Amino acid sequence: MQSPSERTRRSILYWCLQIFGWGSYFGCSELIILTLAHNPGLARAWPFIGLEHLGASHVFRTVFQKRHWIKLPAGTLVFRMLGFCALLTVAVQLAAIPLVVGFGVVSFRQQLRDCWQYGLYSFALFLVWSALYLAFEYFFLYRDTELNRLRLESNLRAMELAALKAQVNPHFLFNCLNNVRSLVIENGERAREMLLRLSGLLRYALDAGRHERVALAEELRAVSDYLDLEKLQFEERLSWKLDISQEALHATIPPMLLQQLVENAVKHGIAVQTGGGDILISARTQNNELWLRVENTGQVQGASENGVGLTNARERLRLLCGAGAALSLENTDNYRVAASVAIPLKSA
Amino acid sequence: MRVLLVEDSRLARAEMRRLLSNCEDIEVVGEAETADEAEQVIAELQPDLLFLDIQMPGRGGFDLLASLDAAPLVIFCTAYSEFAVRAFEQNALDYLVKPVSPERLTQAIDRARQAMAQQQHEPGKRRGLLGLADRVFVKDGENCWFVPLGEVRLFEVDGSYSRVYFGSNRPLIPKTLNYLESRLDPQAFFRVSRQHIVNLNWVKDVDSWFSGGLRLTLKTGEIVEVSRRQAQHFRELMSL
C-alpha cells in the first residue's frame with residue numbers, strides 16, 4: 001500500500017517526466033520545422049498537436065490506473081494497450097484536422113489523404129510512450145511489493161520475539177521448579193515424571209519458532225504437560241477436560257496458540273479465584289475450518305477485549321493463518337468465559 | 001520465633017516447613033492458603049514472623065498486610081522477582097525467591113531475629129495497642145509502604161476512610177478514624193477533633209484559638225484545630 005504522500009510524490013514525478021518527454025520531443029521537432037522545413041503554418045500548429053499527444057497519453061494513464069490494468073495478465077495487458085493506443089491515435093488524428101486545416105498547413109482533402117501516414121507516426125509515438133509508462137508502473141509495483149514483504153517480515157520477527165518471551169512464563173517456571181523440588185521428598189517417582197513433563201514443555205516452547213504449523217495432536221501433548229505441571233501448584237483447585245474430534249487431531253495450528261489460550265485461562269481464570277476452577281478444551285472441524293475453544297471458570301472484563309496479549313495473538317493469527325482466521329473472548333454466562341479460534345483448514 | 005506460612009501451593013508450604021525444620025529456634029505454628037485464612041490465623045495465633053507469598057488467589061500478600069492493624073515481621077516469598085524489588089523498597093525485612101536456598105533462608109531469618117530483638121527492647125509498649133514503634137502496612141493503589149507509626153504525624157477523616165500523613169505521602173487506608181482511635185496508644189496519639197488524630201511528638205506550637213479551642217502547628221507546618229471539648233483533655237494530657 002502506498003501512503004498519500006507517496007502517491008503525491010509519484011504523481012509529481014509522473015508529470016515531470018510527461019512534460020519533459022513530450023516537451024523535448026515536440027520542442028526539437030518544432031526547431032527542425034522552423035529551421036529546415038520553413039513551414040510557418042505547421043510550426044504554429046505543432047505545439048497544439050504536441051499538447052494533444054500529452055492529453056491523450058494522460059487519458060491512457062487515467063484509464064490504466066482506474067481500471068487497474070497493472071493487475072492484468074501480460075497477454076491481456078499487451079492486447080489492451082495496443083487497442084487503446086490505436087483508439088488514441090484515431091482520436092488525435094481527428095482532433096488534428098481542424099488544427100492543420102485552420103492554420104492553413106494543408107487542405108482538408110489532402111489531410112484526409114495523408115492521415116494514415118500521420119496516424120502511423122502517432123501510433124508509433126504512443127507505443128513507445130506506453131512501453132515507457134509500463135516500465136514506470138512496474139518499477140513502483142516491484143518496489144511496493146518488496147517494501148510490503150520487508151514490513152511483514154519485521155512484524156513477524158517482533159511478534160516471534162514477543163511470543164518467545166510469553167512462552168516461558170517465569171512465574172510458572174519457578175513455581176514449578178519449587179514444587180518439583182518439594183515433590184522429590186514426597187514422591188520421588190512422580191517428581192521424576194514431572195521433570196520429564198517440564199523438559200517436554202520447554203523443548204516444545206523453544207522449538208515453536210521453527211515451525212509455522214504443527215498438528216493439533218502435538219500441541220495437545222504440550223498442553224497436557226503444562227496442565228499436569230500446573231496441577232502441582234493448584235492441586236484440587238484445577239481440573240480440566242478435553243473434547244477433541246478425531247479429524248481435529250490432524251488439523252494444523254500455529255504452535256503455542258492453544259497453549260497460550262490455556263495458559264491465559266489458568267492465569268486469569270483459575271489463579272485469581274480461591275476456589276480454583278476448571279477448563280474445558282474442545283476442538284472440531286466444520287465447514288473446512290478448525291474450531292478451537294477454551295472455556296474456563298472466570299470472567300473477562302469489557303476492557304480486556306483490547307488487551308495487549310489478545311491483540312498480539314490476533315495479529316499473529318492473522319499473519320500466520322490469513323484473514324480467514326478469527327479469535328474472540330467472551331463471557332458465556334456469569335461464571336464462565338470462553339476463548340474461541342477459527343482457522344481455515346490446511347493439510348499438514 | 002513463631003512463624004506462620006502464607007502460601008497457596010501445598011508443595012511449596014511443605015518445602016518451606018522442611019527448610020525451616022533445620023533452624024533451631026523456629027517454630028512453624030500454622031499455615032494459611034489464602035489471605036482470608038491468614039487474617040484469621042494471625043489474629044488467633046499472633047505469630048512473630050510471616051513468610052508471605054505475594055501472588056495468591058483472591059487477595060494477594062500486599063492486600064493481606066494492608067488489612068492488618070499492625071504489620072508483623074514479614075519475609076516475602078515470590079517465584080519471580082518482578083514484585084520483589086517493590087517489596088524490598090518498602091523496607092520489608094527480606095524477600096526470597098523460590099526455590100529458596102538454605103543459605104539465603106538463614107540470612108533472612110537472622111535479619112528477622114535482629115528485628116525482633118529490637119522490638120522487644122522498645123519501652124512503653126502497651127498490650128494490644130499500637131505504639132510509636134509499631135509498623136503499619138499502607139497500600140494505596142500500586143504503592144505500598146511499611147510505616148513506623150512514629151513517622152505518622154496526622155490521621156485525617158475522609159468519608160469512612162482515613163488519610164495518613166507521613167513524609168510527603170498522604171495515602172488513604174480503609175479504616176475509620178474512630179477505629180484507629182480505639183487501636184492507637186493514647187499516650188502518643190490524640191484525637192483532637194472529629195476530623196483529626198495527631199501524633200503528639202510532631203506538635204511544634206500550641207496557640208489559643210477562639211471560643212476555648214486550641215490551634216496546633218505541626219513540625220511540618222500543618223495547622224490542626226483542637227475542638228473546645230478536646231482542648232480540655234489536651235491541656236490535661238500536656239500538663240502531665
# chains A, B, ... in the order shown; residues from 1 in each chain; ligands from 1
>>> residues_around(residues="stretch 45-48 of chain B", least_positions_apart="5", cutoff="12 Å", atoms="only C-alpha atoms", output="PDB file with N, CA and C atoms, in the first residue's frame")
ATOM      1  N   MET B   1      11.171 -18.390  67.669  1.00  0.00           N
ATOM      2  CA  MET B   1      10.313 -17.482  66.909  1.00  0.00           C
ATOM      3  C   MET B   1       9.146 -18.267  66.319  1.00  0.00           C
ATOM      4  N   ARG B   2       7.955 -17.698  66.471  1.00  0.00           N
ATOM      5  CA  ARG B   2       6.776 -18.410  65.986  1.00  0.00           C
ATOM      6  C   ARG B   2       6.420 -17.907  64.591  1.00  0.00           C
ATOM      7  N   VAL B   3       6.386 -18.847  63.668  1.00  0.00           N
ATOM      8  CA  VAL B   3       6.286 -18.489  62.251  1.00  0.00           C
ATOM      9  C   VAL B   3       4.979 -18.985  61.650  1.00  0.00           C
ATOM     10  N   LEU B   4       4.411 -18.156  60.762  1.00  0.00           N
ATOM     11  CA  LEU B   4       3.224 -18.568  60.003  1.00  0.00           C
ATOM     12  C   LEU B   4       3.570 -18.560  58.513  1.00  0.00           C
ATOM     13  N   LEU B   5       3.215 -19.645  57.821  1.00  0.00           N
ATOM     14  CA  LEU B   5       3.453 -19.717  56.381  1.00  0.00           C
ATOM     15  C   LEU B   5       2.173 -19.336  55.643  1.00  0.00           C
ATOM     16  N   VAL B   6       2.263 -18.344  54.781  1.00  0.00           N
ATOM     17  CA  VAL B   6       1.107 -17.963  53.972  1.00  0.00           C
ATOM     18  C   VAL B   6       1.477 -18.178  52.514  1.00  0.00           C
ATOM     19  N   ASP B  25      15.594 -22.236  66.513  1.00  0.00           N
ATOM     20  CA  ASP B  25      14.596 -21.540  67.330  1.00  0.00           C
ATOM     21  C   ASP B  25      13.337 -21.165  66.548  1.00  0.00           C
ATOM     22  N   ILE B  26      13.117 -21.836  65.454  1.00  0.00           N
ATOM     23  CA  ILE B  26      11.940 -21.517  64.639  1.00  0.00           C
ATOM     24  C   ILE B  26      10.855 -22.564  64.868  1.00  0.00           C
ATOM     25  N   GLU B  27       9.669 -22.073  65.146  1.00  0.00           N
ATOM     26  CA  GLU B  27       8.546 -22.992  65.288  1.00  0.00           C
ATOM     27  C   GLU B  27       7.458 -22.565  64.311  1.00  0.00           C
ATOM     28  N   VAL B  28       7.125 -23.460  63.379  1.00  0.00           N
ATOM     29  CA  VAL B  28       6.054 -23.128  62.441  1.00  0.00           C
ATOM     30  C   VAL B  28       4.726 -23.407  63.148  1.00  0.00           C
ATOM     31  N   VAL B  29       4.019 -22.329  63.483  1.00  0.00           N
ATOM     32  CA  VAL B  29       2.807 -22.511  64.286  1.00  0.00           C
ATOM     33  C   VAL B  29       1.563 -22.704  63.419  1.00  0.00           C
ATOM     34  N   GLY B  30       1.664 -22.369  62.134  1.00  0.00           N
ATOM     35  CA  GLY B  30       0.482 -22.559  61.306  1.00  0.00           C
ATOM     36  C   GLY B  30       0.759 -22.303  59.838  1.00  0.00           C
ATOM     37  N   GLU B  31      -0.248 -22.633  59.031  1.00  0.00           N
ATOM     38  CA  GLU B  31      -0.155 -22.412  57.592  1.00  0.00           C
ATOM     39  C   GLU B  31      -1.466 -21.800  57.135  1.00  0.00           C
ATOM     40  N   ALA B  32      -1.400 -20.999  56.103  1.00  0.00           N
ATOM     41  CA  ALA B  32      -2.635 -20.460  55.525  1.00  0.00           C
ATOM     42  C   ALA B  32      -2.528 -20.476  54.010  1.00  0.00           C
ATOM     43  N   ALA B  38      -5.337 -16.472  56.351  1.00  0.00           N
ATOM     44  CA  ALA B  38      -4.187 -15.930  57.076  1.00  0.00           C
ATOM     45  C   ALA B  38      -4.634 -14.891  58.091  1.00  0.00           C
ATOM     46  N   GLU B  39      -5.592 -14.054  57.701  1.00  0.00           N
ATOM     47  CA  GLU B  39      -6.059 -12.987  58.587  1.00  0.00           C
ATOM     48  C   GLU B  39      -6.591 -13.585  59.896  1.00  0.00           C
ATOM     49  N   GLN B  40      -7.383 -14.652  59.747  1.00  0.00           N
ATOM     50  CA  GLN B  40      -7.932 -15.341  60.930  1.00  0.00           C
ATOM     51  C   GLN B  40      -6.829 -15.921  61.792  1.00  0.00           C
ATOM     52  N   LEU B  68      -4.259  -5.667  57.996  1.00  0.00           N
ATOM     53  CA  LEU B  68      -3.885  -5.866  59.399  1.00  0.00           C
ATOM     54  C   LEU B  68      -3.670  -4.515  60.084  1.00  0.00           C
ATOM     55  N   ALA B  70      -1.474  -3.771  62.691  1.00  0.00           N
ATOM     56  CA  ALA B  70      -0.036  -3.547  62.744  1.00  0.00           C
ATOM     57  C   ALA B  70       0.632  -4.607  61.882  1.00  0.00           C
ATOM     58  N   ALA B  71       1.629  -4.199  61.127  1.00  0.00           N
ATOM     59  CA  ALA B  71       2.305  -5.152  60.265  1.00  0.00           C
ATOM     60  C   ALA B  71       3.234  -6.017  61.094  1.00  0.00           C
ATOM     61  N   PRO B  72       3.123  -7.328  60.981  1.00  0.00           N
ATOM     62  CA  PRO B  72       4.074  -8.193  61.674  1.00  0.00           C
ATOM     63  C   PRO B  72       5.400  -8.187  60.921  1.00  0.00           C
ATOM     64  N   LEU B  73       6.385  -8.868  61.445  1.00  0.00           N
ATOM     65  CA  LEU B  73       7.621  -9.040  60.682  1.00  0.00           C
ATOM     66  C   LEU B  73       7.313  -9.938  59.492  1.00  0.00           C
ATOM     67  N   VAL B  74       7.774  -9.525  58.309  1.00  0.00           N
ATOM     68  CA  VAL B  74       7.396 -10.249  57.100  1.00  0.00           C
ATOM     69  C   VAL B  74       8.616 -10.555  56.245  1.00  0.00           C
ATOM     70  N   ILE B  75       8.699 -11.792  55.802  1.00  0.00           N
ATOM     71  CA  ILE B  75       9.652 -12.137  54.751  1.00  0.00           C
ATOM     72  C   ILE B  75       8.826 -12.520  53.529  1.00  0.00           C
ATOM     73  N   ILE B 109      16.426 -15.146  58.125  1.00  0.00           N
ATOM     74  CA  ILE B 109      15.975 -15.399  59.499  1.00  0.00           C
ATOM     75  C   ILE B 109      16.834 -14.634  60.499  1.00  0.00           C
ATOM     76  N   ALA B 112      15.470 -11.331  60.719  1.00  0.00           N
ATOM     77  CA  ALA B 112      14.215 -11.340  61.482  1.00  0.00           C
ATOM     78  C   ALA B 112      14.521 -11.363  62.976  1.00  0.00           C
ATOM     79  N   ARG B 113      15.512 -12.145  63.366  1.00  0.00           N
ATOM     80  CA  ARG B 113      15.888 -12.228  64.782  1.00  0.00           C
ATOM     81  C   ARG B 113      16.310 -10.858  65.309  1.00  0.00           C
ATOM     82  N   ALA B 115      15.540  -7.920  64.099  1.00  0.00           N
ATOM     83  CA  ALA B 115      14.392  -7.007  64.132  1.00  0.00           C
ATOM     84  C   ALA B 115      13.529  -7.286  65.344  1.00  0.00           C
ATOM     85  N   MET B 116      13.404  -8.578  65.670  1.00  0.00           N
ATOM     86  CA  MET B 116      12.560  -8.942  66.787  1.00  0.00           C
ATOM     87  C   MET B 116      13.190  -8.513  68.112  1.00  0.00           C
ATOM     88  N   ALA B 117      14.506  -8.684  68.213  1.00  0.00           N
ATOM     89  CA  ALA B 117      15.217  -8.270  69.432  1.00  0.00           C
ATOM     90  C   ALA B 117      15.035  -6.773  69.647  1.00  0.00           C
ATOM     91  N   GLN B 119      12.548  -4.918  68.626  1.00  0.00           N
ATOM     92  CA  GLN B 119      11.161  -4.655  69.021  1.00  0.00           C
ATOM     93  C   GLN B 119      10.959  -4.863  70.513  1.00  0.00           C
ATOM     94  N   GLN B 120      11.607  -5.921  71.037  1.00  0.00           N
ATOM     95  CA  GLN B 120      11.378  -6.251  72.435  1.00  0.00           C
ATOM     96  C   GLN B 120      12.008  -5.250  73.389  1.00  0.00           C
ATOM     97  N   GLY B 128      -1.675  -4.748  73.297  1.00  0.00           N
ATOM     98  CA  GLY B 128      -2.860  -4.624  72.444  1.00  0.00           C
ATOM     99  C   GLY B 128      -3.006  -3.297  71.733  1.00  0.00           C
TER     100      GLY B 128
END
>>> residues_around(residues="A:Leu31", least_positions_apart="4", cutoff="12 Å", atoms="only C-alpha atoms", output="PyMOL selection string")
chain A and resi 23-27+35-40+42-44+46-47
>>> closest_residue(among="A:Asn264, A:Asn187, A:Gln65, A:Ser11", to="chain B", atoms="only C-alpha atoms")
A:Asn187
>>> residues_around(residues="A:Ala124", least_positions_apart="4", cutoff="12 Å", atoms="only C-alpha atoms", output="PyMOL selection string")
chain A and resi 53+82+85-86+88-89+117-120+128-131
>>> closest_residue(among="B:Cys77, B:Phe62, B:Leu50, B:Ser227", to="chain A", atoms="only C-alpha atoms")
B:Cys77
>>> closest_atom_pairs(of="chain B", to="chain A", cutoff="10 Å", atoms="only C-alpha atoms", output="Markdown table")
| residue | atom | partner | partner_atom | distance |
| --- | --- | --- | --- | --- |
| B:Asp8 | CA | A:Phe234 | CA | 7.9 |
| B:Ser9 | CA | A:Gln233 | CA | 5.2 |
| B:Arg10 | CA | A:Gln233 | CA | 7.4 |
| B:Leu11 | CA | A:Asn179 | CA | 5.4 |
| B:Ala12 | CA | A:Asn179 | CA | 5.7 |
| B:Arg13 | CA | A:Ser182 | CA | 8.8 |
| B:Ala14 | CA | A:Ser182 | CA | 6.8 |
| B:Glu15 | CA | A:Ser182 | CA | 5.0 |
| B:Met16 | CA | A:Ser182 | CA | 8.7 |
| B:Arg18 | CA | A:Ser182 | CA | 8.8 |
| B:Glu33 | CA | A:Thr274 | CA | 8.6 |
| B:Thr34 | CA | A:Thr274 | CA | 7.0 |
| B:Ala35 | CA | A:Thr274 | CA | 9.4 |
| B:Asp36 | CA | A:Thr274 | CA | 9.6 |
| B:Gln55 | CA | A:Ala271 | CA | 9.1 |
| B:Met56 | CA | A:Val272 | CA | 7.3 |
| B:Pro57 | CA | A:Val272 | CA | 4.2 |
| B:Gly58 | CA | A:Gln273 | CA | 5.3 |
| B:Arg59 | CA | A:Val272 | CA | 8.3 |
| B:Gly60 | CA | A:Val272 | CA | 9.3 |
| B:Thr78 | CA | A:His171 | CA | 8.4 |
| B:Ala79 | CA | A:Phe174 | CA | 5.3 |
| B:Tyr80 | CA | A:His171 | CA | 5.3 |
| B:Ser81 | CA | A:His171 | CA | 8.9 |
| B:Glu82 | CA | A:His171 | CA | 9.5 |
| B:Val97 | CA | A:Phe174 | CA | 8.6 |
| B:Lys98 | CA | A:Asn178 | CA | 5.9 |
| B:Pro99 | CA | A:Asn178 | CA | 4.6 |
| B:Val100 | CA | A:Asn178 | CA | 8.0 |
>>> select_by_dssp(residues="chain B", states="helix (DSSP H, G or I)", output="number ranges by chain")
B: 10-20, 35-45, 61-67, 84-89, 102-120, 149-151, 177-183, 200-202, 228-239
>>> write_last_selection(atoms="C-alpha atoms", output="PDB file, in the first residue's frame")
ATOM      1  CA  ARG B  10       0.750 -27.046  49.345  1.00  0.00           C
ATOM      2  CA  LEU B  11       4.029 -28.390  47.986  1.00  0.00           C
ATOM      3  CA  ALA B  12       5.679 -25.012  48.438  1.00  0.00           C
ATOM      4  CA  ARG B  13       4.472 -24.898  52.065  1.00  0.00           C
ATOM      5  CA  ALA B  14       5.796 -28.380  52.692  1.00  0.00           C
ATOM      6  CA  GLU B  15       9.126 -27.342  51.192  1.00  0.00           C
ATOM      7  CA  MET B  16       9.352 -24.283  53.428  1.00  0.00           C
ATOM      8  CA  ARG B  17       8.493 -26.367  56.506  1.00  0.00           C
ATOM      9  CA  ARG B  18      11.318 -28.750  55.644  1.00  0.00           C
ATOM     10  CA  LEU B  19      13.761 -25.889  55.169  1.00  0.00           C
ATOM     11  CA  LEU B  20      12.708 -24.269  58.458  1.00  0.00           C
ATOM     12  CA  ALA B  35      -5.204 -14.126  52.626  1.00  0.00           C
ATOM     13  CA  ASP B  36      -8.590 -14.565  54.302  1.00  0.00           C
ATOM     14  CA  GLU B  37      -7.436 -17.654  56.131  1.00  0.00           C
ATOM     15  CA  ALA B  38      -4.187 -15.930  57.076  1.00  0.00           C
ATOM     16  CA  GLU B  39      -6.059 -12.987  58.587  1.00  0.00           C
ATOM     17  CA  GLN B  40      -7.932 -15.341  60.930  1.00  0.00           C
ATOM     18  CA  VAL B  41      -4.874 -17.367  61.850  1.00  0.00           C
ATOM     19  CA  ILE B  42      -2.821 -14.253  62.570  1.00  0.00           C
ATOM     20  CA  ALA B  43      -5.492 -12.942  64.945  1.00  0.00           C
ATOM     21  CA  GLU B  44      -5.667 -16.316  66.624  1.00  0.00           C
ATOM     22  CA  LEU B  45      -2.011 -17.299  66.893  1.00  0.00           C
ATOM     23  CA  GLY B  61       0.100 -10.718  50.068  1.00  0.00           C
ATOM     24  CA  PHE B  62       0.074  -6.919  49.958  1.00  0.00           C
ATOM     25  CA  ASP B  63      -3.686  -6.809  50.450  1.00  0.00           C
ATOM     26  CA  LEU B  64      -3.376  -9.085  53.447  1.00  0.00           C
ATOM     27  CA  LEU B  65      -0.824  -6.797  55.116  1.00  0.00           C
ATOM     28  CA  ALA B  66      -2.911  -3.723  54.399  1.00  0.00           C
ATOM     29  CA  SER B  67      -5.871  -5.269  56.200  1.00  0.00           C
ATOM     30  CA  ALA B  84      10.307  -8.388  44.980  1.00  0.00           C
ATOM     31  CA  VAL B  85      12.030  -5.155  44.108  1.00  0.00           C
ATOM     32  CA  ARG B  86       8.909  -3.340  45.152  1.00  0.00           C
ATOM     33  CA  ALA B  87       8.692  -5.302  48.398  1.00  0.00           C
ATOM     34  CA  PHE B  88      12.305  -4.515  49.165  1.00  0.00           C
ATOM     35  CA  GLU B  89      11.836  -0.808  48.611  1.00  0.00           C
ATOM     36  CA  PRO B 102      19.066 -22.805  52.768  1.00  0.00           C
ATOM     37  CA  GLU B 103      21.868 -20.194  52.974  1.00  0.00           C
ATOM     38  CA  ARG B 104      19.607 -17.433  51.785  1.00  0.00           C
ATOM     39  CA  LEU B 105      16.928 -18.530  54.248  1.00  0.00           C
ATOM     40  CA  THR B 106      19.400 -18.436  57.137  1.00  0.00           C
ATOM     41  CA  GLN B 107      20.312 -14.856  56.244  1.00  0.00           C
ATOM     42  CA  ALA B 108      16.671 -13.799  56.151  1.00  0.00           C
ATOM     43  CA  ILE B 109      15.975 -15.399  59.499  1.00  0.00           C
ATOM     44  CA  ASP B 110      18.990 -13.689  61.051  1.00  0.00           C
ATOM     45  CA  ARG B 111      17.561 -10.380  59.989  1.00  0.00           C
ATOM     46  CA  ALA B 112      14.215 -11.340  61.482  1.00  0.00           C
ATOM     47  CA  ARG B 113      15.888 -12.228  64.782  1.00  0.00           C
ATOM     48  CA  GLN B 114      17.603  -8.838  64.919  1.00  0.00           C
ATOM     49  CA  ALA B 115      14.392  -7.007  64.132  1.00  0.00           C
ATOM     50  CA  MET B 116      12.560  -8.942  66.787  1.00  0.00           C
ATOM     51  CA  ALA B 117      15.217  -8.270  69.432  1.00  0.00           C
ATOM     52  CA  GLN B 118      14.927  -4.562  68.646  1.00  0.00           C
ATOM     53  CA  GLN B 119      11.161  -4.655  69.021  1.00  0.00           C
ATOM     54  CA  GLN B 120      11.378  -6.251  72.435  1.00  0.00           C
ATOM     55  CA  LEU B 149       3.778   4.887  63.450  1.00  0.00           C
ATOM     56  CA  GLY B 150       6.356   7.306  64.870  1.00  0.00           C
ATOM     57  CA  GLU B 151       6.634   8.764  61.396  1.00  0.00           C
ATOM     58  CA  LEU B 177     -10.899   7.404  62.451  1.00  0.00           C
ATOM     59  CA  ASN B 178     -12.948   6.019  65.362  1.00  0.00           C
ATOM     60  CA  TYR B 179     -11.478   2.579  64.819  1.00  0.00           C
ATOM     61  CA  LEU B 180      -7.957   3.972  64.647  1.00  0.00           C
ATOM     62  CA  GLU B 181      -8.550   5.955  67.839  1.00  0.00           C
ATOM     63  CA  SER B 182      -9.514   2.763  69.635  1.00  0.00           C
ATOM     64  CA  ARG B 183      -6.363   0.968  68.441  1.00  0.00           C
ATOM     65  CA  LEU B 200       1.874  14.440  69.848  1.00  0.00           C
ATOM     66  CA  ASN B 201       5.581  14.064  69.074  1.00  0.00           C
ATOM     67  CA  TRP B 202       5.060  16.066  65.930  1.00  0.00           C
ATOM     68  CA  ARG B 228     -13.283  23.005  72.510  1.00  0.00           C
ATOM     69  CA  ARG B 229     -14.352  19.739  74.075  1.00  0.00           C
ATOM     70  CA  GLN B 230     -10.993  18.060  73.402  1.00  0.00           C
ATOM     71  CA  ALA B 231      -8.949  21.115  74.312  1.00  0.00           C
ATOM     72  CA  GLN B 232      -9.589  20.469  77.984  1.00  0.00           C
ATOM     73  CA  HIS B 233      -8.321  16.885  77.689  1.00  0.00           C
ATOM     74  CA  PHE B 234      -5.380  18.104  75.688  1.00  0.00           C
ATOM     75  CA  ARG B 235      -4.328  20.599  78.353  1.00  0.00           C
ATOM     76  CA  GLU B 236      -4.571  17.883  80.995  1.00  0.00           C
ATOM     77  CA  LEU B 237      -2.548  15.493  78.889  1.00  0.00           C
ATOM     78  CA  MET B 238       0.192  18.019  78.185  1.00  0.00           C
ATOM     79  CA  SER B 239       0.479  19.213  81.777  1.00  0.00           C
TER      80      SER B 239
END
>>> residues_around(residues="B:Phe166", least_positions_apart="5", cutoff="10 Å", atoms="only C-alpha atoms", output="PyMOL selection string")
chain B and resi 147-155+171+220
>>> write_last_selection(atoms="N, CA and C atoms", output="short mmCIF file (atom, residue, chain, number, x, y, z; two decimals), in the first residue's frame")
data_model
loop_
_atom_site.label_atom_id
_atom_site.label_comp_id
_atom_site.auth_asym_id
_atom_site.auth_seq_id
_atom_site.Cartn_x
_atom_site.Cartn_y
_atom_site.Cartn_z
N VAL B 147 5.17 1.64 57.34
CA VAL B 147 5.42 2.92 58.01
C VAL B 147 5.45 2.73 59.52
N PRO B 148 6.56 3.09 60.15
CA PRO B 148 6.57 3.11 61.62
C PRO B 148 5.61 4.21 62.07
N LEU B 149 4.79 3.91 63.05
CA LEU B 149 3.78 4.89 63.45
C LEU B 149 4.41 6.19 63.94
N GLY B 150 5.65 6.11 64.44
CA GLY B 150 6.36 7.31 64.87
C GLY B 150 6.51 8.33 63.76
N GLU B 151 6.48 7.85 62.52
CA GLU B 151 6.63 8.76 61.40
C GLU B 151 5.31 9.35 60.92
N VAL B 152 4.21 8.78 61.45
CA VAL B 152 2.90 9.29 61.05
C VAL B 152 2.56 10.47 61.95
N ARG B 153 2.32 11.65 61.36
CA ARG B 153 2.07 12.83 62.20
C ARG B 153 0.59 13.13 62.35
N LEU B 154 -0.20 12.60 61.41
CA LEU B 154 -1.60 13.01 61.41
C LEU B 154 -2.47 11.97 60.71
N PHE B 155 -3.63 11.70 61.29
CA PHE B 155 -4.67 10.93 60.60
C PHE B 155 -5.84 11.88 60.37
N PRO B 171 -1.58 8.74 51.75
CA PRO B 171 -2.47 7.71 51.21
C PRO B 171 -3.71 7.51 52.09
N THR B 220 5.89 20.02 60.53
CA THR B 220 5.93 20.12 59.07
C THR B 220 5.08 21.29 58.57
#
>>> residues_around(residues="B:Ile197", least_positions_apart="4", cutoff="7 Å", atoms="only C-alpha atoms", output="VMD selection string")
chain B and resid 154 to 156 189 to 192
>>> closest_residue(among="B:Val157, B:Val136, B:Leu130, B:Val224", to="B:Pro186", atoms="only C-alpha atoms")
B:Leu130
>>> select_by_dssp(residues="stretch 12-87 of chain B", states="strand (DSSP E or B)", output="list in words")
Glu27, Val28, Val29, Gly30, Glu31, Ala32, Leu49, Leu50, Phe51, Leu52, Asp53, Leu73, Val74, Ile75, Phe76, Cys77 and Thr78 of chain B
>>> atom_distance(atom1="atom CA of A:Glu289", atom2="atom CA of A:Ile253")
11.1 Å
>>> atom_distance(atom1="atom CA of A:Ala248", atom2="atom CA of A:Ala339")
17.1 Å
